[in-house]
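What follows is the content of run_12.json (JSON, C-alpha atoms and all ligand atoms).
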[["chain", "number", "residue", "atom", "x", "y", "z"],
["C", 1, "MET", "CA", -80.49, 53.47, -39.88],
["C", 2, "ASP", "CA", -77.32, 54.04, -41.87],
["C", 3, "PHE", "CA", -74.83, 51.15, -41.74],
["C", 4, "VAL", "CA", -71.45, 51.37, -43.49],
["C", 5, "VAL", "CA", -69.29, 48.30, -44.18],
["C", 6, "ARG", "CA", -65.60, 49.25, -44.37],
["C", 7, "ASP", "CA", -62.08, 48.28, -43.30],
["C", 8, "LEU", "CA", -61.02, 48.82, -39.69],
["C", 9, "GLU", "CA", -59.58, 52.29, -39.05],
["C", 10, "LYS", "CA", -57.36, 53.63, -36.25],
["C", 11, "GLY", "CA", -60.19, 55.80, -34.94],
["C", 12, "ASP", "CA", -62.36, 52.74, -34.35],
["C", 13, "PHE", "CA", -60.77, 52.21, -30.94],
["C", 14, "ARG", "CA", -62.80, 55.18, -29.73],
["C", 15, "LYS", "CA", -65.90, 54.05, -31.62],
["C", 16, "GLY", "CA", -66.30, 50.90, -29.53],
["C", 17, "PHE", "CA", -64.16, 48.35, -31.37],
["C", 18, "PRO", "CA", -62.78, 46.72, -28.17],
["C", 19, "GLU", "CA", -66.27, 46.74, -26.65],
["C", 20, "ILE", "CA", -67.76, 44.89, -29.62],
["C", 21, "LEU", "CA", -65.02, 42.24, -29.40],
["C", 22, "SER", "CA", -65.80, 41.79, -25.71],
["C", 23, "GLN", "CA", -69.19, 40.41, -26.78],
["C", 24, "LEU", "CA", -67.26, 37.55, -28.41],
["C", 25, "THR", "CA", -64.53, 36.73, -25.90],
["C", 26, "THR", "CA", -62.15, 38.12, -23.28],
["C", 27, "VAL", "CA", -60.44, 41.15, -24.75],
["C", 28, "GLY", "CA", -58.11, 41.76, -21.82],
["C", 29, "ASN", "CA", -56.22, 44.97, -21.29],
["C", 30, "VAL", "CA", -56.04, 46.70, -24.70],
["C", 31, "SER", "CA", -54.88, 50.32, -24.44],
["C", 32, "LEU", "CA", -55.04, 52.82, -27.28],
["C", 33, "GLU", "CA", -51.26, 52.36, -27.66],
["C", 34, "SER", "CA", -51.41, 48.57, -27.95],
["C", 35, "PHE", "CA", -54.40, 48.76, -30.31],
["C", 36, "THR", "CA", -52.55, 51.27, -32.51],
["C", 37, "ALA", "CA", -49.35, 49.19, -32.55],
["C", 38, "ARG", "CA", -51.29, 46.06, -33.58],
["C", 39, "PHE", "CA", -53.33, 48.02, -36.14],
["C", 40, "GLU", "CA", -50.16, 49.38, -37.79],
["C", 41, "GLU", "CA", -48.55, 45.92, -37.79],
["C", 42, "ILE", "CA", -51.46, 44.19, -39.53],
["C", 43, "ASN", "CA", -52.16, 47.13, -41.80],
["C", 44, "LEU", "CA", -48.74, 46.60, -43.42],
["C", 45, "SER", "CA", -49.63, 43.02, -44.31],
["C", 46, "PRO", "CA", -51.63, 42.10, -47.42],
["C", 47, "ASP", "CA", -52.72, 38.96, -45.56],
["C", 48, "TYR", "CA", -54.94, 40.55, -42.91],
["C", 49, "LYS", "CA", -58.28, 42.24, -43.40],
["C", 50, "THR", "CA", -60.56, 43.32, -40.59],
["C", 51, "VAL", "CA", -63.93, 44.68, -41.69],
["C", 52, "VAL", "CA", -66.32, 46.58, -39.47],
["C", 53, "ILE", "CA", -69.85, 47.92, -39.77],
["C", 54, "GLU", "CA", -70.37, 51.40, -38.36],
["C", 55, "ASP", "CA", -73.71, 52.84, -37.35],
["C", 56, "SER", "CA", -72.91, 56.23, -38.88],
["C", 57, "GLU", "CA", -75.62, 58.05, -36.98],
["C", 58, "LYS", "CA", -74.20, 56.91, -33.63],
["C", 59, "GLN", "CA", -70.59, 56.66, -34.84],
["C", 60, "ARG", "CA", -70.32, 53.25, -33.19],
["C", 61, "ILE", "CA", -68.82, 50.00, -34.43],
["C", 62, "ILE", "CA", -71.61, 47.43, -34.39],
["C", 63, "ALA", "CA", -70.05, 44.44, -36.17],
["C", 64, "THR", "CA", -66.65, 43.08, -37.14],
["C", 65, "ALA", "CA", -64.88, 40.05, -38.65],
["C", 66, "THR", "CA", -61.32, 39.31, -39.75],
["C", 67, "LEU", "CA", -59.85, 37.43, -42.72],
["C", 68, "LEU", "CA", -56.33, 35.96, -42.50],
["C", 69, "ILE", "CA", -54.74, 34.69, -45.68],
["C", 70, "GLU", "CA", -52.46, 31.69, -45.33],
["C", 71, "ARG", "CA", -49.79, 31.30, -48.00],
["C", 72, "LYS", "CA", -49.38, 27.57, -48.62],
["C", 73, "PHE", "CA", -46.99, 25.33, -50.52],
["C", 74, "ILE", "CA", -49.71, 22.85, -51.43],
["C", 75, "ARG", "CA", -52.24, 23.53, -54.16],
["C", 76, "GLY", "CA", -49.50, 25.02, -56.31],
["C", 77, "CYS", "CA", -48.51, 27.51, -53.61],
["C", 78, "GLY", "CA", -52.17, 28.38, -53.17],
["C", 79, "LYS", "CA", -53.77, 30.61, -50.55],
["C", 80, "ALA", "CA", -56.39, 29.68, -47.94],
["C", 81, "GLY", "CA", -58.54, 32.21, -46.10],
["C", 82, "HIS", "CA", -59.34, 31.90, -42.38],
["C", 83, "ILE", "CA", -62.28, 33.83, -40.94],
["C", 84, "GLU", "CA", -61.91, 34.81, -37.28],
["C", 85, "ASP", "CA", -63.48, 36.99, -34.61],
["C", 86, "VAL", "CA", -66.95, 37.47, -36.05],
["C", 87, "VAL", "CA", -69.32, 39.43, -33.84],
["C", 88, "VAL", "CA", -72.39, 41.67, -34.16],
["C", 89, "ASP", "CA", -73.49, 43.93, -31.29],
["C", 90, "GLN", "CA", -76.30, 42.17, -29.47],
["C", 91, "THR", "CA", -78.79, 45.01, -30.03],
["C", 92, "TYR", "CA", -78.22, 44.78, -33.82],
["C", 93, "ARG", "CA", -78.42, 41.01, -34.30],
["C", 94, "GLY", "CA", -80.94, 39.49, -36.70],
["C", 95, "LYS", "CA", -80.59, 42.34, -39.24],
["C", 96, "CYS", "CA", -78.32, 40.46, -41.66],
["C", 97, "LEU", "CA", -75.25, 42.42, -40.50],
["C", 98, "GLY", "CA", -73.38, 39.21, -39.66],
["C", 99, "GLN", "CA", -74.11, 38.00, -43.16],
["C", 100, "ARG", "CA", -72.83, 41.29, -44.60],
["C", 101, "VAL", "CA", -69.43, 41.07, -42.87],
["C", 102, "ILE", "CA", -69.03, 37.44, -43.94],
["C", 103, "GLU", "CA", -69.96, 38.28, -47.54],
["C", 104, "ALA", "CA", -67.41, 41.13, -47.54],
["C", 105, "LEU", "CA", -64.66, 38.76, -46.35],
["C", 106, "LEU", "CA", -65.62, 35.98, -48.77],
["C", 107, "GLU", "CA", -65.40, 38.47, -51.62],
["C", 108, "ALA", "CA", -62.01, 39.73, -50.36],
["C", 109, "ALA", "CA", -60.74, 36.13, -50.16],
["C", 110, "ARG", "CA", -61.95, 35.43, -53.70],
["C", 111, "GLU", "CA", -60.27, 38.60, -54.98],
["C", 112, "ALA", "CA", -57.02, 37.65, -53.18],
["C", 113, "GLY", "CA", -57.05, 34.32, -55.05],
["C", 114, "CYS", "CA", -57.87, 32.00, -52.12],
["C", 115, "TYR", "CA", -59.01, 28.54, -53.19],
["C", 116, "LYS", "CA", -61.05, 28.11, -49.98],
["C", 117, "VAL", "CA", -62.13, 29.88, -46.80],
["C", 118, "ILE", "CA", -62.41, 28.02, -43.48],
["C", 119, "LEU", "CA", -63.44, 28.85, -39.92],
["C", 120, "ASP", "CA", -64.11, 27.24, -36.53],
["C", 121, "CYS", "CA", -67.38, 27.88, -34.73],
["C", 122, "ALA", "CA", -69.70, 26.64, -32.02],
["C", 123, "GLU", "CA", -72.44, 24.21, -33.00],
["C", 124, "ALA", "CA", -74.98, 26.95, -32.17],
["C", 125, "ASN", "CA", -73.55, 29.16, -34.93],
["C", 126, "ALA", "CA", -73.31, 26.50, -37.65],
["C", 127, "ALA", "CA", -76.72, 27.39, -39.10],
["C", 128, "PHE", "CA", -75.66, 31.02, -39.40],
["C", 129, "TYR", "CA", -72.58, 30.08, -41.43],
["C", 130, "GLU", "CA", -74.63, 27.69, -43.55],
["C", 131, "LYS", "CA", -76.89, 30.65, -44.38],
["C", 132, "CYS", "CA", -73.71, 32.45, -45.46],
["C", 133, "GLY", "CA", -72.95, 29.62, -47.90],
["C", 134, "LEU", "CA", -70.40, 27.59, -45.92],
["C", 135, "THR", "CA", -70.69, 23.85, -45.32],
["C", 136, "ARG", "CA", -69.56, 21.57, -42.48],
["C", 137, "LYS", "CA", -66.22, 19.80, -42.82],
["C", 138, "GLU", "CA", -64.21, 17.81, -40.26],
["C", 139, "ILE", "CA", -63.62, 18.94, -36.66],
["C", 140, "GLN", "CA", -61.72, 21.55, -34.68],
["C", 141, "MET", "CA", -58.82, 20.77, -32.32],
["C", 142, "VAL", "CA", -56.95, 23.11, -30.01],
["C", 143, "LYS", "CA", -54.07, 23.40, -27.55],
["C", 144, "TYR", "CA", -53.91, 26.55, -25.46],
["C", 145, "PHE", "CA", -50.60, 27.95, -24.15],
["I", 201, "LIG", "C1", -65.34, 32.25, -36.63],
["I", 201, "LIG", "C2", -65.99, 32.90, -35.42],
["I", 201, "LIG", "O1", -65.61, 33.99, -35.04],
["I", 201, "LIG", "S1", -67.28, 32.11, -34.63],
["I", 201, "LIG", "C3", -67.95, 33.28, -33.50],
["I", 201, "LIG", "C4", -69.26, 33.82, -33.94],
["I", 201, "LIG", "N1", -69.66, 34.94, -33.09],
["I", 201, "LIG", "C5", -70.36, 34.80, -31.93],
["I", 201, "LIG", "O2", -70.74, 33.71, -31.50],
["I", 201, "LIG", "C6", -70.62, 36.10, -31.17],
["I", 201, "LIG", "C7", -72.09, 36.24, -30.76],
["I", 201, "LIG", "N2", -73.01, 36.15, -31.92],
["I", 201, "LIG", "C8", -73.09, 37.10, -32.87],
["I", 201, "LIG", "O3", -72.34, 38.10, -32.87],
["I", 201, "LIG", "C9", -74.16, 36.94, -33.94],
["I", 201, "LIG", "O4", -75.24, 36.23, -33.39],
["I", 201, "LIG", "C10", -73.69, 36.22, -35.23],
["I", 201, "LIG", "C11", -72.41, 36.88, -35.78],
["I", 201, "LIG", "C12", -73.40, 34.74, -34.97],
["I", 201, "LIG", "C13", -74.81, 36.33, -36.26],
["I", 201, "LIG", "O5", -74.98, 37.70, -36.60],
["I", 201, "LIG", "P1", -76.42, 38.28, -37.02],
["I", 201, "LIG", "O6", -76.18, 39.65, -37.59],
["I", 201, "LIG", "O7", -77.38, 38.19, -35.90],
["I", 201, "LIG", "O8", -76.85, 37.26, -38.15],
["I", 201, "LIG", "P2", -77.66, 37.59, -39.48],
["I", 201, "LIG", "O9", -78.81, 38.49, -39.13],
["I", 201, "LIG", "O10", -76.72, 38.08, -40.53],
["I", 201, "LIG", "O11", -78.19, 36.14, -39.85],
["I", 201, "LIG", "C14", -78.17, 35.65, -41.17],
["I", 201, "LIG", "C15", -79.07, 34.43, -41.22],
["I", 201, "LIG", "O12", -78.58, 33.45, -40.30],
["I", 201, "LIG", "C16", -79.58, 33.14, -39.33],
["I", 201, "LIG", "N3", -78.91, 32.98, -38.02],
["I", 201, "LIG", "C17", -78.13, 33.88, -37.38],
["I", 201, "LIG", "N4", -77.66, 33.35, -36.23],
["I", 201, "LIG", "C18", -78.17, 32.10, -36.16],
["I", 201, "LIG", "C19", -78.03, 31.04, -35.22],
["I", 201, "LIG", "N5", -77.26, 31.15, -34.12],
["I", 201, "LIG", "N6", -78.71, 29.88, -35.46],
["I", 201, "LIG", "C20", -79.47, 29.73, -36.57],
["I", 201, "LIG", "N7", -79.60, 30.71, -37.52],
["I", 201, "LIG", "C21", -78.96, 31.86, -37.31],
["I", 201, "LIG", "C22", -80.52, 34.31, -39.32],
["I", 201, "LIG", "O13", -81.80, 33.95, -38.88],
["I", 201, "LIG", "C23", -80.51, 34.72, -40.79],
["I", 201, "LIG", "O14", -81.34, 33.82, -41.52],
["I", 201, "LIG", "P3", -82.43, 34.39, -42.57],
["I", 201, "LIG", "O15", -81.64, 35.05, -43.66],
["I", 201, "LIG", "O16", -83.14, 33.17, -43.03],
["I", 201, "LIG", "O17", -83.26, 35.35, -41.82]]

As structure tokens, please, write out the structure in this file.
Ligand SMILES: CC(=O)SCCNC(=O)CCNC(=O)[C@H](O)C(C)(C)COP(=O)(O)OP(=O)(O)OC[C@H]1O[C@@H](n2cnc3c(N)ncnc32)[C@H](O)[C@@H]1OP(=O)(O)O
Amino acid sequence: MDFVVRDLEKGDFRKGFPEILSQLTTVGNVSLESFTARFEEINLSPDYKTVVIEDSEKQRIIATATLLIERKFIRGCGKAGHIEDVVVDQTYRGKCLGQRVIEALLEAAREAGCYKVILDCAEANAAFYEKCGLTRKEIQMVKYF
């Protein structure tokens, strides 16, 4: 099987990008137009990076994860990376593809000069992130609107 790790492209809408995200959470109504508008918006920013893995034989997106770079005042106006929306298609799990997308984002964060990368996850996924080299720290809090 031929797996390619690369940045998200406009054509990925038709290669199953919304479907892969629906294995993580509720995607809602995302049309090609709204996907394209959001893609163009984040593509202009140096502070967003969404990576995907494509099964090139099937031309399907089988994994994705996003890095957001926060520009801080603390730490000498340092930058912190936030990893979000990590998912691997259920038929491809256990093949180190999750690890590959995380490694790609950690490297991107390092290259962008981030002093740390953080993320929130369920207890059930903590061991996966520990395998990727992250460690536990503090707790998550939320308020939905
Ligand atoms: C910040 C966020 O977005 S959190 C949301 C995370 N995403 C989800 O919960 C969506 C549903 N789950 C998934 O998509 C996948 O199961 C993922 C992304 C969590 C893991 O992806 P996979 O490709 O299956 O993981 P991968 O094969 O790279 O695993 C790497 C290592 O972690 C281990 N691992 C993976 N998942 C788990 C787990 N839930 N518990 C314990 N160990 C795990 C693997 O066994 C492997 O260890 P090894 O190197 O010793 O063999």

Expected answer as JSON, numbers by chain: residues within 7 Å of ligand LIG 201 (chain I), only C-alpha atoms and all ligand atoms: {"C": [23, 24, 83, 84, 85, 86, 87, 88, 89, 90, 92, 93, 94, 95, 96, 97, 98, 99, 100, 119, 120, 121, 122, 124, 125, 126, 127, 128, 129, 131, 132]}

Which residues are near stretch 50-63 of chain C? Cut-off 6 Å, all atoms listed in the file, ignore same chain within fewer than 5 positions. Put them as a PyMOL selection string. chain C and resi 2-8+15-17+87-89

What residues have an atom no more than 9 Å from (-53.9, 54.2, -30.2) in the file's own frame, counting only C-alpha atoms, and can you write them as a PDB file with C-alpha atoms, in the coordinates of the input?
ATOM      1  CA  LYS C  10     -57.360  53.630 -36.250  1.00  0.00           C
ATOM      2  CA  GLY C  11     -60.190  55.800 -34.940  1.00  0.00           C
ATOM      3  CA  PHE C  13     -60.770  52.210 -30.940  1.00  0.00           C
ATOM      4  CA  ARG C  14     -62.800  55.180 -29.730  1.00  0.00           C
ATOM      5  CA  SER C  31     -54.880  50.320 -24.440  1.00  0.00           C
ATOM      6  CA  LEU C  32     -55.040  52.820 -27.280  1.00  0.00           C
ATOM      7  CA  GLU C  33     -51.260  52.360 -27.660  1.00  0.00           C
ATOM      8  CA  SER C  34     -51.410  48.570 -27.950  1.00  0.00           C
ATOM      9  CA  PHE C  35     -54.400  48.760 -30.310  1.00  0.00           C
ATOM     10  CA  THR C  36     -52.550  51.270 -32.510  1.00  0.00           C
ATOM     11  CA  ALA C  37     -49.350  49.190 -32.550  1.00  0.00           C
ATOM     12  CA  PHE C  39     -53.330  48.020 -36.140  1.00  0.00           C
TER      13      PHE C  39
END

Interatomic distance (Å, one decimal) between atom CA of C:Lys72 and atom CA of C:Tyr144: 23.6 Å

So, counting only C-alpha atoms, which residue among C:Leu44, C:Thr135, C:Ala112, C:Glu103 is closest to C:Arg71? C:Ala112

The residue from C:Ala109, C:Thr91, C:Gly28, C:Arg38 with the smallest atom-to-atom distance to C:Leu67, counting all atoms listed in the file, is C:Ala109

Would you compute the distance between atom CA of C:Leu106 and atom CA of C:Lys143? Give it in Å to one decimal.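 Taking atom CA of C:Leu106 and atom CA of C:Lys143, their separation equals 27.2 Å.
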
What gap, in Å, lies between atom CA of C:Val101 and atom CA of C:Val30? 23.3 Å

Between C:Arg75, C:Val117, C:Thr26, C:Lys49, which one has atoms that come closest to C:Lys137, using all atoms listed in the file? C:Val117

Which residues come within 12 Å of C:Cys114, counting all atoms listed in the file, excluding same-chain residues fewer than 6 positions away, as a VMD selection string? chain C and resid 47 67 to 72 75 to 82 105 to 108

Using only C-alpha atoms, please write the residues we just selected to a file, as a PDB file, keeping the file's coordinate frame.
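The result, stored in again.pdb:
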ATOM      1  CA  ASP C  47     -52.720  38.960 -45.560  1.00  0.00           C
ATOM      2  CA  LEU C  67     -59.850  37.430 -42.720  1.00  0.00           C
ATOM      3  CA  LEU C  68     -56.330  35.960 -42.500  1.00  0.00           C
ATOM      4  CA  ILE C  69     -54.740  34.690 -45.680  1.00  0.00           C
ATOM      5  CA  GLU C  70     -52.460  31.690 -45.330  1.00  0.00           C
ATOM      6  CA  ARG C  71     -49.790  31.300 -48.000  1.00  0.00           C
ATOM      7  CA  LYS C  72     -49.380  27.570 -48.620  1.00  0.00           C
ATOM      8  CA  ARG C  75     -52.240  23.530 -54.160  1.00  0.00           C
ATOM      9  CA  GLY C  76     -49.500  25.020 -56.310  1.00  0.00           C
ATOM     10  CA  CYS C  77     -48.510  27.510 -53.610  1.00  0.00           C
ATOM     11  CA  GLY C  78     -52.170  28.380 -53.170  1.00  0.00           C
ATOM     12  CA  LYS C  79     -53.770  30.610 -50.550  1.00  0.00           C
ATOM     13  CA  ALA C  80     -56.390  29.680 -47.940  1.00  0.00           C
ATOM     14  CA  GLY C  81     -58.540  32.210 -46.100  1.00  0.00           C
ATOM     15  CA  HIS C  82     -59.340  31.900 -42.380  1.00  0.00           C
ATOM     16  CA  LEU C 105     -64.660  38.760 -46.350  1.00  0.00           C
ATOM     17  CA  LEU C 106     -65.620  35.980 -48.770  1.00  0.00           C
ATOM     18  CA  GLU C 107     -65.400  38.470 -51.620  1.00  0.00           C
ATOM     19  CA  ALA C 108     -62.010  39.730 -50.360  1.00  0.00           C
TER      20      ALA C 108
END

Can you sort out the box for stretch 39-46 of chain C, edges along x, y and z, all listed atoms in, 4 Å on every side, with centre and edge lengths in Å to one decimal, as JSON?
{"center_x": -50.9, "center_y": 45.7, "center_z": -41.8, "size_x": 12.8, "size_y": 15.3, "size_z": 19.3}

Atoms are missing here; could stretch 47-60 of chain C be completed with N, CA and C atoms and written as a compact mmCIF listing (two decimals), keeping the file's coordinate frame?
# COMPACT_ATOMS: atom_id res chain seq x y z
N ASP C 47 -52.06 40.21 -45.94
CA ASP C 47 -52.72 38.96 -45.56
C ASP C 47 -53.69 39.09 -44.39
N TYR C 48 -53.96 40.31 -43.97
CA TYR C 48 -54.94 40.55 -42.91
C TYR C 48 -55.98 41.53 -43.41
N LYS C 49 -57.24 41.25 -43.10
CA LYS C 49 -58.28 42.24 -43.40
C LYS C 49 -59.33 42.16 -42.31
N THR C 50 -59.49 43.25 -41.58
CA THR C 50 -60.56 43.32 -40.59
C THR C 50 -61.61 44.29 -41.12
N VAL C 51 -62.84 43.79 -41.27
CA VAL C 51 -63.93 44.68 -41.69
C VAL C 51 -64.78 45.01 -40.47
N VAL C 52 -65.39 46.18 -40.52
CA VAL C 52 -66.32 46.58 -39.47
C VAL C 52 -67.58 47.11 -40.13
N ILE C 53 -68.66 47.15 -39.35
CA ILE C 53 -69.85 47.92 -39.77
C ILE C 53 -70.02 49.02 -38.74
N GLU C 54 -70.15 50.26 -39.25
CA GLU C 54 -70.37 51.40 -38.36
C GLU C 54 -71.81 51.88 -38.49
N ASP C 55 -72.44 52.12 -37.36
CA ASP C 55 -73.71 52.84 -37.35
C ASP C 55 -73.33 54.31 -37.46
N SER C 56 -73.47 54.89 -38.67
CA SER C 56 -72.91 56.23 -38.88
C SER C 56 -73.64 57.30 -38.08
N GLU C 57 -74.89 57.06 -37.78
CA GLU C 57 -75.62 58.05 -36.98
C GLU C 57 -75.01 58.13 -35.58
N LYS C 58 -74.74 56.95 -35.00
CA LYS C 58 -74.20 56.91 -33.63
C LYS C 58 -72.68 56.91 -33.58
N GLN C 59 -72.05 56.76 -34.75
CA GLN C 59 -70.59 56.66 -34.84
C GLN C 59 -70.06 55.57 -33.92
N ARG C 60 -70.72 54.41 -33.99
CA ARG C 60 -70.32 53.25 -33.19
C ARG C 60 -70.08 52.05 -34.08
